[in-house]
Amino acid sequence: MLASWIGSRGHILALNRMDAAPAPSLTEWAAAMGAGGQAPVLIDAKKGGGVAELKREILRAGAHVNARLKRRGINPRPVRAAVLGYPNVGKSALINRLVGRRKAKSENRPGVTRGFSWVRIDSQVQLLDSPGIIPAKQVSQRVAYRLAMCDDIGAAAYDPQAVASALLEALVLAEAERPAYVRLDKLRERWGVPTDECSCGEEYVAQLAEERFTGDVQRAATTLLKDFRSGSLGRLCLEWPAEGQGEER
């Protein structure tokens, strides 16, 4: 999908929220992406992890562009680059980290950035902060569910019960296929509802509601989603490189 957005333009790939995923998943994903042509820079925009390395990469790329212009007899000028990504993945938080102060409005919910603004991170580089992009015609229902699980689309656009049910099924599958990616111990300890006694995610959410939320299925679903998003269930990764081959995410 990224290739359809940027074509042959030079770019730097950054994977944010590295603090939310287990180390083995980060290693495997970085290797898979690197094999595809470009290794990503792993970052934690919230706390600043990896941001210094990313900034060095950006400034190096900017210097390369200006060196090429100089060879063509064109005076160097600040290089402009766009920050692209889905909504609520930390683009504005990353820009603030790169600048070293709060220049872009940032909150932990989709839809905060509504306009376009240029932010200078160095005398030679300016970054464009922009709203998140979801190309509807290129996103399957499965991917849409994953975006909803991660709070990358507005709550009005999905059914929390359906998304929470799909989340539970994705977690159970990932734990079976990639035990290093998902451990459901914290989920079982937190709510005391066994995952292996339910035939599907919908049944689990209903049982969770019955045992812990006085039958309120909506509240059980939203709480499960909140636990996942906040990290209360531990470091988790729902997908592995081979699992999504051939499908855009």
# chains A, B, ... in the order shown; residues from 1 in each chain; ligands from 1

call {"tool": "select_by_dssp", "arguments": {"residues": "region 6-249 of chain A", "states": "strand (DSSP E or B)", "output": "MDAnalysis selection string"}}
result
chainID A and resid 14:15 41:42 44 49 79:82 117:122 125:129

call {"tool": "write_last_selection", "arguments": {"atoms": "all heavy atoms", "output": "compact mmCIF listing (two decimals), in the first residue's frame"}}
result
# COMPACT_ATOMS: atom_id res chain seq x y z
N ALA A 14 9.26 3.99 9.46
CA ALA A 14 9.35 3.96 10.92
C ALA A 14 8.21 3.13 11.48
O ALA A 14 7.06 3.26 11.05
CB ALA A 14 9.28 5.38 11.48
N LEU A 15 8.52 2.27 12.45
CA LEU A 15 7.51 1.49 13.15
C LEU A 15 7.37 2.04 14.56
O LEU A 15 8.28 1.92 15.37
CB LEU A 15 7.91 0.00 13.22
CG LEU A 15 7.84 -0.79 11.92
CD1 LEU A 15 8.16 -2.25 12.20
CD2 LEU A 15 6.49 -0.68 11.27
N VAL A 41 12.99 1.82 11.07
CA VAL A 41 13.53 2.34 12.33
C VAL A 41 12.45 2.13 13.39
O VAL A 41 11.33 2.60 13.24
CB VAL A 41 13.87 3.84 12.21
CG1 VAL A 41 14.43 4.35 13.55
CG2 VAL A 41 14.85 4.09 11.09
N LEU A 42 12.79 1.40 14.44
CA LEU A 42 11.83 1.12 15.51
C LEU A 42 11.82 2.29 16.49
O LEU A 42 12.88 2.70 16.97
CB LEU A 42 12.20 -0.17 16.23
CG LEU A 42 12.30 -1.42 15.35
CD1 LEU A 42 12.72 -2.62 16.19
CD2 LEU A 42 11.00 -1.70 14.64
N ASP A 44 9.52 4.68 19.68
CA ASP A 44 8.45 4.88 20.66
C ASP A 44 8.27 6.39 20.76
O ASP A 44 8.97 7.05 21.52
CB ASP A 44 8.85 4.27 22.01
CG ASP A 44 7.83 4.57 23.11
OD1 ASP A 44 6.80 5.20 22.82
OD2 ASP A 44 8.09 4.20 24.28
N GLY A 49 11.97 6.73 22.48
CA GLY A 49 12.87 5.65 22.08
C GLY A 49 13.04 5.57 20.57
O GLY A 49 12.06 5.57 19.83
N VAL A 79 14.53 20.75 2.63
CA VAL A 79 13.83 19.62 2.02
C VAL A 79 12.49 19.43 2.72
O VAL A 79 12.41 19.46 3.95
CB VAL A 79 14.67 18.33 2.14
CG1 VAL A 79 13.89 17.12 1.62
CG2 VAL A 79 15.98 18.50 1.38
N ARG A 80 11.44 19.22 1.95
CA ARG A 80 10.11 19.02 2.52
C ARG A 80 9.68 17.56 2.34
O ARG A 80 9.82 16.99 1.25
CB ARG A 80 9.09 19.95 1.86
CG ARG A 80 9.25 21.41 2.29
CD ARG A 80 8.12 22.27 1.76
NE ARG A 80 7.92 23.45 2.57
CZ ARG A 80 6.89 24.27 2.45
NH1 ARG A 80 5.96 24.03 1.54
NH2 ARG A 80 6.77 25.32 3.24
N ALA A 81 9.17 16.99 3.42
CA ALA A 81 8.73 15.59 3.38
C ALA A 81 7.43 15.44 4.16
O ALA A 81 7.19 16.15 5.14
CB ALA A 81 9.80 14.67 3.98
N ALA A 82 6.60 14.52 3.73
CA ALA A 82 5.32 14.27 4.39
C ALA A 82 5.45 13.09 5.35
O ALA A 82 6.19 12.15 5.09
CB ALA A 82 4.23 13.98 3.37
N SER A 117 0.01 21.05 8.15
CA SER A 117 0.91 22.10 8.64
C SER A 117 2.35 21.65 8.48
O SER A 117 2.68 20.48 8.70
CB SER A 117 0.62 22.42 10.11
OG SER A 117 0.81 21.27 10.92
N TRP A 118 3.19 22.59 8.09
CA TRP A 118 4.62 22.32 7.94
C TRP A 118 5.34 22.62 9.25
O TRP A 118 5.09 23.65 9.87
CB TRP A 118 5.22 23.17 6.82
CG TRP A 118 4.80 22.72 5.46
CD1 TRP A 118 3.85 23.28 4.66
CD2 TRP A 118 5.32 21.60 4.74
NE1 TRP A 118 3.73 22.59 3.49
CE2 TRP A 118 4.63 21.55 3.50
CE3 TRP A 118 6.28 20.64 5.01
CZ2 TRP A 118 4.87 20.58 2.54
CZ3 TRP A 118 6.54 19.66 4.06
CH2 TRP A 118 5.85 19.64 2.85
N VAL A 119 6.21 21.71 9.66
CA VAL A 119 6.96 21.86 10.90
C VAL A 119 8.45 21.69 10.59
O VAL A 119 8.85 20.68 10.01
CB VAL A 119 6.52 20.82 11.95
CG1 VAL A 119 7.34 20.99 13.23
CG2 VAL A 119 5.04 20.94 12.24
N ARG A 120 9.24 22.69 10.96
CA ARG A 120 10.69 22.62 10.70
C ARG A 120 11.36 21.86 11.84
O ARG A 120 11.24 22.22 13.01
CB ARG A 120 11.27 24.03 10.62
CG ARG A 120 12.75 24.08 10.24
CD ARG A 120 13.26 25.51 10.31
NE ARG A 120 12.60 26.35 9.32
CZ ARG A 120 13.05 26.53 8.07
NH1 ARG A 120 14.16 25.89 7.68
NH2 ARG A 120 12.41 27.31 7.23
N ILE A 121 12.07 20.79 11.51
CA ILE A 121 12.82 20.04 12.52
C ILE A 121 14.31 20.36 12.47
O ILE A 121 15.06 19.98 13.36
CB ILE A 121 12.60 18.52 12.39
CG1 ILE A 121 13.25 17.97 11.11
CG2 ILE A 121 11.13 18.16 12.44
CD1 ILE A 121 13.36 16.46 11.10
N ASP A 122 14.71 21.08 11.41
CA ASP A 122 16.11 21.43 11.22
C ASP A 122 16.15 22.49 10.14
O ASP A 122 15.17 22.69 9.41
CB ASP A 122 16.90 20.17 10.78
CG ASP A 122 18.37 20.47 10.57
OD1 ASP A 122 19.13 20.47 11.54
OD2 ASP A 122 18.75 20.70 9.41
N VAL A 125 15.38 20.62 6.90
CA VAL A 125 14.27 19.67 6.73
C VAL A 125 12.98 20.20 7.35
O VAL A 125 12.99 20.68 8.49
CB VAL A 125 14.60 18.29 7.36
CG1 VAL A 125 13.41 17.34 7.21
CG2 VAL A 125 15.83 17.69 6.72
N GLN A 126 11.89 20.12 6.59
CA GLN A 126 10.56 20.44 7.09
C GLN A 126 9.66 19.22 6.88
O GLN A 126 9.73 18.56 5.84
CB GLN A 126 9.96 21.64 6.36
CG GLN A 126 10.70 22.94 6.62
CD GLN A 126 10.09 24.11 5.84
OE1 GLN A 126 9.21 23.92 5.01
NE2 GLN A 126 10.57 25.32 6.12
N LEU A 127 8.81 18.92 7.88
CA LEU A 127 7.91 17.79 7.79
C LEU A 127 6.47 18.28 7.73
O LEU A 127 6.10 19.23 8.41
CB LEU A 127 8.08 16.85 8.99
CG LEU A 127 9.44 16.16 9.13
CD1 LEU A 127 9.43 15.26 10.37
CD2 LEU A 127 9.79 15.37 7.89
N LEU A 128 5.65 17.60 6.95
CA LEU A 128 4.23 17.92 6.83
C LEU A 128 3.43 17.02 7.75
O LEU A 128 3.40 15.80 7.57
CB LEU A 128 3.76 17.74 5.39
CG LEU A 128 2.27 17.99 5.14
CD1 LEU A 128 1.93 19.45 5.41
CD2 LEU A 128 1.89 17.60 3.71
N ASP A 129 2.79 17.63 8.75
CA ASP A 129 1.87 16.89 9.62
C ASP A 129 0.51 16.89 8.94
O ASP A 129 0.01 17.94 8.51
CB ASP A 129 1.77 17.55 10.99
CG ASP A 129 0.99 16.71 11.98
OD1 ASP A 129 0.94 15.47 11.80
OD2 ASP A 129 0.43 17.27 12.93

call {"tool": "residues_around", "arguments": {"residues": "Gly85 (chain A)", "least_positions_apart": "4", "cutoff": "8 Å", "atoms": "only C-alpha atoms", "output": "CSV table (one decimal) with N, CA and C atoms, in the first residue's frame"}}
result
chain,number,residue,atom,x,y,z
A,89,VAL,N,-1.7,6.7,14.9
A,89,VAL,CA,-0.5,5.9,15.0
A,89,VAL,C,0.7,6.6,15.6
A,91,LYS,N,1.7,10.0,14.6
A,91,LYS,CA,2.5,10.9,13.6
A,91,LYS,C,2.8,12.2,14.3
A,132,GLY,N,-4.6,11.3,9.3
A,132,GLY,CA,-4.3,9.9,8.9
A,132,GLY,C,-5.1,9.5,7.7
A,133,ILE,N,-4.5,8.6,7.0
A,133,ILE,CA,-5.1,8.1,5.7
A,133,ILE,C,-5.6,6.7,5.8

call {"tool": "residues_around", "arguments": {"residues": "region 173-180 of chain A", "least_positions_apart": "3", "cutoff": "7 Å", "atoms": "only C-alpha atoms", "output": "PyMOL selection string"}}
result
chain A and resi 24+169-170+183+238

call {"tool": "residues_around", "arguments": {"residues": "Ser25 (chain A)", "least_positions_apart": "3", "cutoff": "10 Å", "atoms": "only C-alpha atoms", "output": "VMD selection string"}}
result
chain A and resid 18 21 to 22 28 to 31 178 180 to 182 235 to 241

call {"tool": "closest_residue", "arguments": {"among": "A:Leu98, A:Ile12, A:Val205, A:Met33", "to": "Arg219 (chain A)", "atoms": "only C-alpha atoms"}}
result
A:Val205

call {"tool": "residues_around", "arguments": {"residues": "Ala162 (chain A)", "least_positions_apart": "5", "cutoff": "9 Å", "atoms": "only C-alpha atoms", "output": "PDB file with N, CA, C and O atoms, in the first residue's frame"}}
result
ATOM      1  N   TYR A 145     -11.194  -4.351  10.717  1.00  0.00           N
ATOM      2  CA  TYR A 145     -11.356  -4.826  12.088  1.00  0.00           C
ATOM      3  C   TYR A 145     -10.071  -4.586  12.887  1.00  0.00           C
ATOM      4  O   TYR A 145     -10.129  -4.167  14.057  1.00  0.00           O
ATOM      5  N   LEU A 167     -11.260  -9.486  18.157  1.00  0.00           N
ATOM      6  CA  LEU A 167      -9.994  -9.340  18.870  1.00  0.00           C
ATOM      7  C   LEU A 167      -9.656 -10.599  19.660  1.00  0.00           C
ATOM      8  O   LEU A 167      -8.526 -11.097  19.595  1.00  0.00           O
ATOM      9  N   GLY A 201     -15.229 -15.798  19.736  1.00  0.00           N
ATOM     10  CA  GLY A 201     -15.056 -14.546  20.461  1.00  0.00           C
ATOM     11  C   GLY A 201     -16.348 -13.990  21.005  1.00  0.00           C
ATOM     12  O   GLY A 201     -16.386 -13.428  22.113  1.00  0.00           O
ATOM     13  N   GLU A 202     -17.424 -14.135  20.260  1.00  0.00           N
ATOM     14  CA  GLU A 202     -18.720 -13.626  20.703  1.00  0.00           C
ATOM     15  C   GLU A 202     -19.159 -14.320  21.993  1.00  0.00           C
ATOM     16  O   GLU A 202     -19.689 -13.665  22.908  1.00  0.00           O
ATOM     17  N   ALA A 221     -17.378  -5.498  26.144  1.00  0.00           N
ATOM     18  CA  ALA A 221     -16.652  -5.349  24.883  1.00  0.00           C
ATOM     19  C   ALA A 221     -15.738  -4.133  24.909  1.00  0.00           C
ATOM     20  O   ALA A 221     -14.559  -4.211  24.534  1.00  0.00           O
TER      21      ALA A 221
END

call {"tool": "closest_residue", "arguments": {"among": "A:Leu224, A:Ile134, A:Leu187, A:Val139", "to": "Ala164 (chain A)", "atoms": "only C-alpha atoms"}}
result
A:Leu224

call {"tool": "select_by_dssp", "arguments": {"residues": "region 55-153 of chain A", "states": "alpha helix (DSSP H)", "output": "number ranges by chain"}}
result
A: 55-71, 91-99, 141-149

call {"tool": "residues_around", "arguments": {"residues": "region 146-149 of chain A", "least_positions_apart": "3", "cutoff": "10 Å", "atoms": "only C-alpha atoms", "output": "ChimeraX atom specification"}}
result
/A:86-88,134,139-143,152-155,157-160,163-164,166-167,170,224-226,228-229,238-239,249

call {"tool": "residues_around", "arguments": {"residues": "Gly192 (chain A)", "least_positions_apart": "3", "cutoff": "9 Å", "atoms": "only C-alpha atoms", "output": "PyMOL selection string"}}
result
chain A and resi 187-189+208+211-212

call {"tool": "atom_distance", "arguments": {"atom1": "CA of Leu233 (chain A)", "atom2": "CA of Ser199 (chain A)"}}
result
21.1 Å

call {"tool": "closest_residue", "arguments": {"among": "A:Gly10, A:Gly48, A:Ala93, A:Val193", "to": "His64 (chain A)", "atoms": "only C-alpha atoms"}}
result
A:Gly10

call {"tool": "atom_distance", "arguments": {"atom1": "CA of Val51 (chain A)", "atom2": "CA of Leu94 (chain A)"}}
result
7.7 Å

call {"tool": "closest_residue", "arguments": {"among": "A:Leu69, A:Asp185, A:Pro76, A:Ile95", "to": "Leu171 (chain A)", "atoms": "only C-alpha atoms"}}
result
A:Asp185
